[in-house]
Amino acid sequence: MLRIEKLTKRFGANTAVETANLDIDKPAMIGIIGRSGAGKSTLLRMINRLADATEGRILFEGRDVTQLTGKAKRAWQSDCAMIFQQFNLVPRMDVVSNVLHGTLNRRSTFATLFNLFPMEDIHRAIDILDRLGIAEHAPKRAEALSGGQQQRVAIARALMQDPKIILADEPIASLDPMNAQTVMEALRRIHEEDGRTVIANLHTLDTARRYCDRVVGMRDGRIVFDGLPEQLTSGVAREIYGAGAEFSEAATSTQIETLDAMAHAPDAARSEALI
Ligand SMILES: Nc1ncnc2c1ncn2[C@@H]1O[C@H](COP(=O)(O)OP(=O)(O)OP(=O)(O)O)[C@@H](O)[C@H]1O
């Protein structure tokens, strides 16, 4: 389905992603982990063609998407919708219009300019919002919603494109644990019920283990781990994060119980838990 071959991205002398190989042969939910600067965002941005690869290929159903231009490139970008840590909604615009902007790639500039959307699309947008449990917020301004609700609006906007792949760049990094859980559950359901592939950059190990079928670990631009969640032991995690014996998983946790325990721990124990 999706095959990444020797994908490399250089920014001047700095190699952000180095000869990355990845083969996804059936729809899956994949978590990418690694410390800040490991190359996770650059990898996703290359898949979506927001960034051009320096070397290597990305094949989707046999077609090299790194070579696409113009309309074909935009069609590919619709097939692999991207969601971001900061939601990227238009804050003062209502929720349903934000969702309808997911159809921009296939609409005329004129229709877009005057916010003219076909009734069929409006119904579909509301159905998607309903599926994500936020239909009652449809008329509100996006900025009036909580972070978790806004991220679900961003997911709804992505679903309007009817993508085959959803690329999520740190989708829960700005959210509290409760909202993080709702958003990850929504992504998991979209994978399971629709058969879409979800590739999410995640900064917490327990989230990757809990929601993903497969975990990819990046370190210094290279893929250093690609396996099942249960293979992601503390030892492997230490290697991915390049951390020493002081490494504690609690510091990368979003689980409510773990965070509570850390909040009640003495300061010394808390600082030891940091990577
Ligand atoms: N547009 C750019 N210009 C120059 N260097 C860049 C650019 N984008 C990323 N880099 C560099 O590439 C490397 C990988 O960055 P990237 O954002 O992909 O890592 P990351 O694992 O997603 O980190 P984070 O979790 O902090 O977002 C870093 O050294 C970064 O400074």
# chains A, B, ... in the order shown; residues from 1 in each chain; ligands from 1
>>> select_by_dssp(residues="stretch 92-253 of chain A", states="strand (DSSP E)", output="MDAnalysis selection string")
chainID A and resid 165:169 197:201 214:219 222:227
>>> closest_atom_pairs(of="stretch 190-241 of chain A", to="stretch 37-57 of chain A", cutoff="6 Å", atoms="only C-alpha atoms", output="JSON lines")
{"residue": "A:Met218", "atom": "CA", "partner": "A:Ala38", "partner_atom": "CA", "distance": 5.8}
{"residue": "A:Arg219", "atom": "CA", "partner": "A:Ala38", "partner_atom": "CA", "distance": 4.9}
{"residue": "A:Asp220", "atom": "CA", "partner": "A:Ala38", "partner_atom": "CA", "distance": 4.7}
{"residue": "A:Gly221", "atom": "CA", "partner": "A:Gly39", "partner_atom": "CA", "distance": 4.9}
>>> residues_around(residues="A:Leu59", least_positions_apart="2", cutoff="9 Å", atoms="only C-alpha atoms", output="PDB file with C-alpha atoms, in the first residue's frame")
ATOM      1  CA  MET A   1       0.000   0.000   0.000  1.00  0.00           C
ATOM      2  CA  LEU A   2       2.475   2.657   1.226  1.00  0.00           C
ATOM      3  CA  ARG A   3       6.166   2.055   0.827  1.00  0.00           C
ATOM      4  CA  ILE A   4       8.905   4.458   1.788  1.00  0.00           C
ATOM      5  CA  GLU A   5      12.285   3.732   0.250  1.00  0.00           C
ATOM      6  CA  ARG A  57      10.836   7.480  -2.991  1.00  0.00           C
ATOM      7  CA  GLU A  61      -0.229   1.643  -4.490  1.00  0.00           C
ATOM      8  CA  GLY A  62       2.773   1.393  -6.772  1.00  0.00           C
ATOM      9  CA  ARG A  63       2.837   5.066  -7.804  1.00  0.00           C
ATOM     10  CA  ASP A  64       5.759   7.319  -6.854  1.00  0.00           C
ATOM     11  CA  VAL A  65       4.135  10.272  -5.103  1.00  0.00           C
ATOM     12  CA  THR A  66       7.402  12.195  -4.731  1.00  0.00           C
TER      13      THR A  66
END
>>> closest_residue(among="A:Asp94, A:Glu170, A:Asp23, A:Asp127", to="A:Arg141", atoms="only C-alpha atoms")
A:Asp94
>>> residues_around(residues="A:Ile240", least_positions_apart="3", cutoff="8 Å", atoms="only C-alpha atoms", output="MDAnalysis selection string")
chainID A and resid 34:35 217:219 224:225 236:237 243
>>> write_last_selection(atoms="N, CA and C atoms", output="compact mmCIF listing (two decimals), in the first residue's frame")
# COMPACT_ATOMS: atom_id res chain seq x y z
N GLY A 34 10.00 9.28 19.36
CA GLY A 34 11.40 9.71 19.31
C GLY A 34 11.50 11.08 19.93
N ARG A 35 12.69 11.44 20.38
CA ARG A 35 12.82 12.72 21.06
C ARG A 35 12.69 13.88 20.07
N GLY A 217 10.26 3.82 15.90
CA GLY A 217 11.08 4.69 16.73
C GLY A 217 12.13 5.38 15.89
N MET A 218 12.24 6.70 16.03
CA MET A 218 13.26 7.45 15.27
C MET A 218 14.29 8.06 16.21
N ARG A 219 15.52 8.03 15.77
CA ARG A 219 16.57 8.69 16.53
C ARG A 219 17.55 9.32 15.54
N VAL A 224 15.07 3.52 14.02
CA VAL A 224 15.90 2.57 14.78
C VAL A 224 15.06 1.45 15.40
N PHE A 225 13.73 1.59 15.29
CA PHE A 225 12.86 0.53 15.80
C PHE A 225 11.60 0.51 14.95
N VAL A 236 14.38 -0.80 24.94
CA VAL A 236 14.28 -0.30 23.56
C VAL A 236 13.99 1.20 23.59
N ALA A 237 13.07 1.59 24.48
CA ALA A 237 12.70 3.01 24.58
C ALA A 237 13.92 3.85 24.94
N ALA A 243 18.52 7.83 26.13
CA ALA A 243 18.54 8.21 27.55
C ALA A 243 19.29 7.16 28.36
>>> closest_residue(among="A:Asn14, A:Ser36, A:Gln67, A:Thr19", to="ligand 1", atoms="only C-alpha atoms and all ligand atoms")
A:Ser36
>>> closest_residue(among="A:Arg152, A:Lys164, A:Lys9, A:Arg209", to="A:Asp194", atoms="only C-alpha atoms")
A:Lys164
>>> closest_residue(among="A:Val183, A:Leu232, A:Ala173, A:Ile134", to="ligand 1", atoms="only C-alpha atoms and all ligand atoms")
A:Ala173
>>> atom_distance(atom1="atom CA of A:Met178", atom2="atom CA of A:Tyr211")
14.8 Å
>>> closest_residue(among="A:Asp213, A:Asp176, A:Glu192, A:Asp169", to="ligand 1", atoms="only C-alpha atoms and all ligand atoms")
A:Asp169
>>> select_by_dssp(residues="stretch 1-209 of chain A", states="helix (DSSP H, G or I)", output="PyMOL selection string")
chain A and resi 40-47+65-67+70-79+95-106+109-113+119-131+135-137+142-144+147-160+177-194+205-209
>>> write_last_selection(atoms="C-alpha atoms", output="CSV table (one decimal), in the first residue's frame")
chain,number,residue,atom,x,y,z
A,40,LYS,CA,9.2,12.7,13.0
A,41,SER,CA,7.5,15.8,11.6
A,42,THR,CA,9.8,16.0,8.6
A,43,LEU,CA,8.9,12.3,7.7
A,44,LEU,CA,5.2,13.1,7.8
A,45,ARG,CA,5.6,16.3,5.9
A,46,MET,CA,7.5,14.4,3.2
A,47,ILE,CA,4.7,11.8,2.9
A,65,VAL,CA,4.1,10.3,-5.1
A,66,THR,CA,7.4,12.2,-4.7
A,67,GLN,CA,7.2,12.9,-8.5
A,70,GLY,CA,0.0,20.3,-9.9
A,71,LYS,CA,-3.4,18.6,-9.7
A,72,ALA,CA,-2.0,15.1,-9.1
A,73,LYS,CA,0.0,16.4,-6.1
A,74,ARG,CA,-3.1,18.1,-4.7
A,75,ALA,CA,-5.1,14.9,-5.2
A,76,TRP,CA,-2.5,13.0,-3.2
A,77,GLN,CA,-2.6,15.6,-0.5
A,78,SER,CA,-6.3,15.0,-0.2
A,79,ASP,CA,-5.7,11.3,0.0
A,95,VAL,CA,-17.2,24.8,13.3
A,96,VAL,CA,-19.2,23.5,10.3
A,97,SER,CA,-17.5,26.0,7.9
A,98,ASN,CA,-14.1,24.9,9.3
A,99,VAL,CA,-15.0,21.3,8.5
A,100,LEU,CA,-16.3,22.3,5.0
A,101,HIS,CA,-12.9,23.8,4.3
A,102,GLY,CA,-11.7,20.2,4.0
A,103,THR,CA,-13.3,20.1,0.6
A,104,LEU,CA,-11.3,23.1,-0.7
A,105,ASN,CA,-9.1,21.1,-3.0
A,106,ARG,CA,-12.1,20.2,-5.2
A,109,THR,CA,-12.1,29.8,-5.8
A,110,PHE,CA,-15.4,31.7,-6.3
A,111,ALA,CA,-17.4,29.2,-4.3
A,112,THR,CA,-14.8,29.3,-1.5
A,113,LEU,CA,-14.6,33.0,-1.4
A,119,MET,CA,-26.2,21.2,0.9
A,120,GLU,CA,-25.0,17.6,0.4
A,121,ASP,CA,-21.5,18.6,1.8
A,122,ILE,CA,-23.1,20.5,4.7
A,123,HIS,CA,-25.1,17.4,5.7
A,124,ARG,CA,-22.0,15.2,5.4
A,125,ALA,CA,-20.0,17.7,7.6
A,126,ILE,CA,-22.7,17.5,10.2
A,127,ASP,CA,-22.8,13.7,10.1
A,128,ILE,CA,-19.0,13.6,10.6
A,129,LEU,CA,-19.2,16.0,13.5
A,130,ASP,CA,-22.0,13.8,14.9
A,131,ARG,CA,-19.8,10.7,14.6
A,135,ALA,CA,-22.4,18.0,16.3
A,136,GLU,CA,-24.1,20.2,18.8
A,137,HIS,CA,-21.1,22.6,18.5
A,142,ALA,CA,-14.1,27.2,16.6
A,143,GLU,CA,-12.3,29.4,19.2
A,144,ALA,CA,-15.2,28.8,21.7
A,147,GLY,CA,-8.7,22.0,22.7
A,148,GLY,CA,-9.9,18.4,22.5
A,149,GLN,CA,-13.1,19.5,20.7
A,150,GLN,CA,-11.1,21.7,18.3
A,151,GLN,CA,-8.8,18.7,17.5
A,152,ARG,CA,-11.9,16.7,16.7
A,153,VAL,CA,-13.1,19.5,14.4
A,154,ALA,CA,-9.7,19.2,12.7
A,155,ILE,CA,-10.2,15.4,12.3
A,156,ALA,CA,-13.7,16.1,10.9
A,157,ARG,CA,-12.2,18.5,8.4
A,158,ALA,CA,-9.6,15.8,7.4
A,159,LEU,CA,-12.4,13.3,7.0
A,160,MET,CA,-14.3,15.6,4.6
A,177,PRO,CA,-5.1,13.7,29.5
A,178,MET,CA,-8.9,13.5,29.2
A,179,ASN,CA,-9.0,15.3,25.9
A,180,ALA,CA,-6.0,13.4,24.7
A,181,GLN,CA,-7.8,10.1,25.3
A,182,THR,CA,-10.9,11.3,23.4
A,183,VAL,CA,-8.9,12.3,20.4
A,184,MET,CA,-6.8,9.1,20.3
A,185,GLU,CA,-10.0,7.0,20.7
A,186,ALA,CA,-11.5,9.0,17.7
A,187,LEU,CA,-8.4,8.3,15.6
A,188,ARG,CA,-8.5,4.6,16.5
A,189,ARG,CA,-12.2,4.3,15.6
A,190,ILE,CA,-11.6,6.0,12.3
A,191,HIS,CA,-8.9,3.4,11.6
A,192,GLU,CA,-10.9,0.4,12.7
A,193,GLU,CA,-14.3,1.4,11.3
A,194,ASP,CA,-13.2,3.0,8.0
A,205,LEU,CA,5.2,5.8,25.0
A,206,ASP,CA,2.0,4.6,26.7
A,207,THR,CA,-0.2,6.3,24.0
A,208,ALA,CA,1.8,4.5,21.3
A,209,ARG,CA,1.5,1.2,23.1
>>> decode(residues="stretch 22-54 of chain A", atoms="N, CA and C atoms", output="mmCIF file, in the first residue's frame")
data_model
loop_
_atom_site.group_PDB
_atom_site.id
_atom_site.type_symbol
_atom_site.label_atom_id
_atom_site.label_comp_id
_atom_site.auth_asym_id
_atom_site.auth_seq_id
_atom_site.Cartn_x
_atom_site.Cartn_y
_atom_site.Cartn_z
ATOM 1 N N LEU A 22 10.111 2.152 5.138
ATOM 2 C CA LEU A 22 8.898 1.776 5.862
ATOM 3 C C LEU A 22 7.960 1.122 4.869
ATOM 4 N N ASP A 23 7.392 0.004 5.262
ATOM 5 C CA ASP A 23 6.500 -0.703 4.355
ATOM 6 C C ASP A 23 5.182 -0.958 5.086
ATOM 7 N N ILE A 24 4.107 -0.382 4.586
ATOM 8 C CA ILE A 24 2.795 -0.593 5.214
ATOM 9 C C ILE A 24 1.953 -1.346 4.195
ATOM 10 N N ASP A 25 1.709 -2.625 4.442
ATOM 11 C CA ASP A 25 1.048 -3.422 3.404
ATOM 12 C C ASP A 25 -0.460 -3.550 3.585
ATOM 13 N N LYS A 26 -0.954 -3.101 4.752
ATOM 14 C CA LYS A 26 -2.421 -3.074 4.939
ATOM 15 C C LYS A 26 -2.763 -1.936 5.905
ATOM 16 N N PRO A 27 -4.019 -1.483 5.885
ATOM 17 C CA PRO A 27 -4.367 -0.368 6.767
ATOM 18 C C PRO A 27 -3.958 -0.653 8.214
ATOM 19 N N ALA A 28 -3.344 0.323 8.847
ATOM 20 C CA ALA A 28 -2.827 0.115 10.197
ATOM 21 C C ALA A 28 -2.864 1.431 10.959
ATOM 22 N N MET A 29 -2.707 1.309 12.264
ATOM 23 C CA MET A 29 -2.536 2.518 13.076
ATOM 24 C C MET A 29 -1.105 2.476 13.595
ATOM 25 N N ILE A 30 -0.332 3.450 13.173
ATOM 26 C CA ILE A 30 1.109 3.434 13.447
ATOM 27 C C ILE A 30 1.495 4.662 14.264
ATOM 28 N N GLY A 31 2.257 4.438 15.312
ATOM 29 C CA GLY A 31 2.748 5.549 16.121
ATOM 30 C C GLY A 31 4.228 5.750 15.853
ATOM 31 N N ILE A 32 4.623 6.994 15.677
ATOM 32 C CA ILE A 32 6.055 7.284 15.520
ATOM 33 C C ILE A 32 6.525 8.013 16.774
ATOM 34 N N ILE A 33 7.554 7.468 17.393
ATOM 35 C CA ILE A 33 8.048 8.085 18.624
ATOM 36 C C ILE A 33 9.523 8.457 18.451
ATOM 37 N N GLY A 34 10.003 9.281 19.357
ATOM 38 C CA GLY A 34 11.396 9.709 19.308
ATOM 39 C C GLY A 34 11.503 11.080 19.935
ATOM 40 N N ARG A 35 12.695 11.437 20.383
ATOM 41 C CA ARG A 35 12.821 12.717 21.064
ATOM 42 C C ARG A 35 12.687 13.876 20.065
ATOM 43 N N SER A 36 12.593 15.076 20.621
ATOM 44 C CA SER A 36 12.450 16.265 19.799
ATOM 45 C C SER A 36 13.620 16.379 18.821
ATOM 46 N N GLY A 37 13.314 16.632 17.566
ATOM 47 C CA GLY A 37 14.367 16.784 16.554
ATOM 48 C C GLY A 37 14.763 15.478 15.888
ATOM 49 N N ALA A 38 14.082 14.378 16.250
ATOM 50 C CA ALA A 38 14.454 13.065 15.678
ATOM 51 C C ALA A 38 14.083 12.943 14.202
ATOM 52 N N GLY A 39 13.176 13.817 13.724
ATOM 53 C CA GLY A 39 12.809 13.781 12.302
ATOM 54 C C GLY A 39 11.383 13.326 12.045
ATOM 55 N N LYS A 40 10.586 13.188 13.099
ATOM 56 C CA LYS A 40 9.219 12.666 12.964
ATOM 57 C C LYS A 40 8.346 13.571 12.080
ATOM 58 N N SER A 41 8.360 14.875 12.377
ATOM 59 C CA SER A 41 7.516 15.793 11.589
ATOM 60 C C SER A 41 7.981 15.840 10.146
ATOM 61 N N THR A 42 9.280 15.875 9.948
ATOM 62 C CA THR A 42 9.802 15.952 8.578
ATOM 63 C C THR A 42 9.367 14.730 7.781
ATOM 64 N N LEU A 43 9.360 13.568 8.424
ATOM 65 C CA LEU A 43 8.935 12.350 7.727
ATOM 66 C C LEU A 43 7.470 12.482 7.281
ATOM 67 N N LEU A 44 6.600 12.910 8.201
ATOM 68 C CA LEU A 44 5.180 13.057 7.834
ATOM 69 C C LEU A 44 4.999 14.100 6.741
ATOM 70 N N ARG A 45 5.738 15.210 6.876
ATOM 71 C CA ARG A 45 5.598 16.297 5.892
ATOM 72 C C ARG A 45 6.056 15.856 4.501
ATOM 73 N N MET A 46 7.030 14.956 4.467
ATOM 74 C CA MET A 46 7.453 14.445 3.152
ATOM 75 C C MET A 46 6.382 13.530 2.568
ATOM 76 N N ILE A 47 5.765 12.722 3.421
ATOM 77 C CA ILE A 47 4.723 11.812 2.912
ATOM 78 C C ILE A 47 3.606 12.641 2.275
ATOM 79 N N ASN A 48 3.207 13.708 2.962
ATOM 80 C CA ASN A 48 2.125 14.561 2.484
ATOM 81 C C ASN A 48 2.562 15.555 1.385
ATOM 82 N N ARG A 49 3.853 15.577 1.118
ATOM 83 C CA ARG A 49 4.451 16.485 0.118
ATOM 84 C C ARG A 49 4.413 17.965 0.556
ATOM 85 N N LEU A 50 4.311 18.178 1.881
ATOM 86 C CA LEU A 50 4.489 19.549 2.364
ATOM 87 C C LEU A 50 5.968 19.887 2.304
ATOM 88 N N ALA A 51 6.799 18.851 2.368
ATOM 89 C CA ALA A 51 8.252 19.021 2.202
ATOM 90 C C ALA A 51 8.700 18.036 1.132
ATOM 91 N N ASP A 52 9.645 18.463 0.312
ATOM 92 C CA ASP A 52 10.150 17.571 -0.738
ATOM 93 C C ASP A 52 11.344 16.776 -0.229
ATOM 94 N N ALA A 53 11.356 15.508 -0.586
ATOM 95 C CA ALA A 53 12.476 14.652 -0.184
ATOM 96 C C ALA A 53 13.736 15.061 -0.944
ATOM 97 N N THR A 54 14.877 14.923 -0.285
ATOM 98 C CA THR A 54 16.149 15.169 -0.973
ATOM 99 C C THR A 54 16.503 13.945 -1.817
#
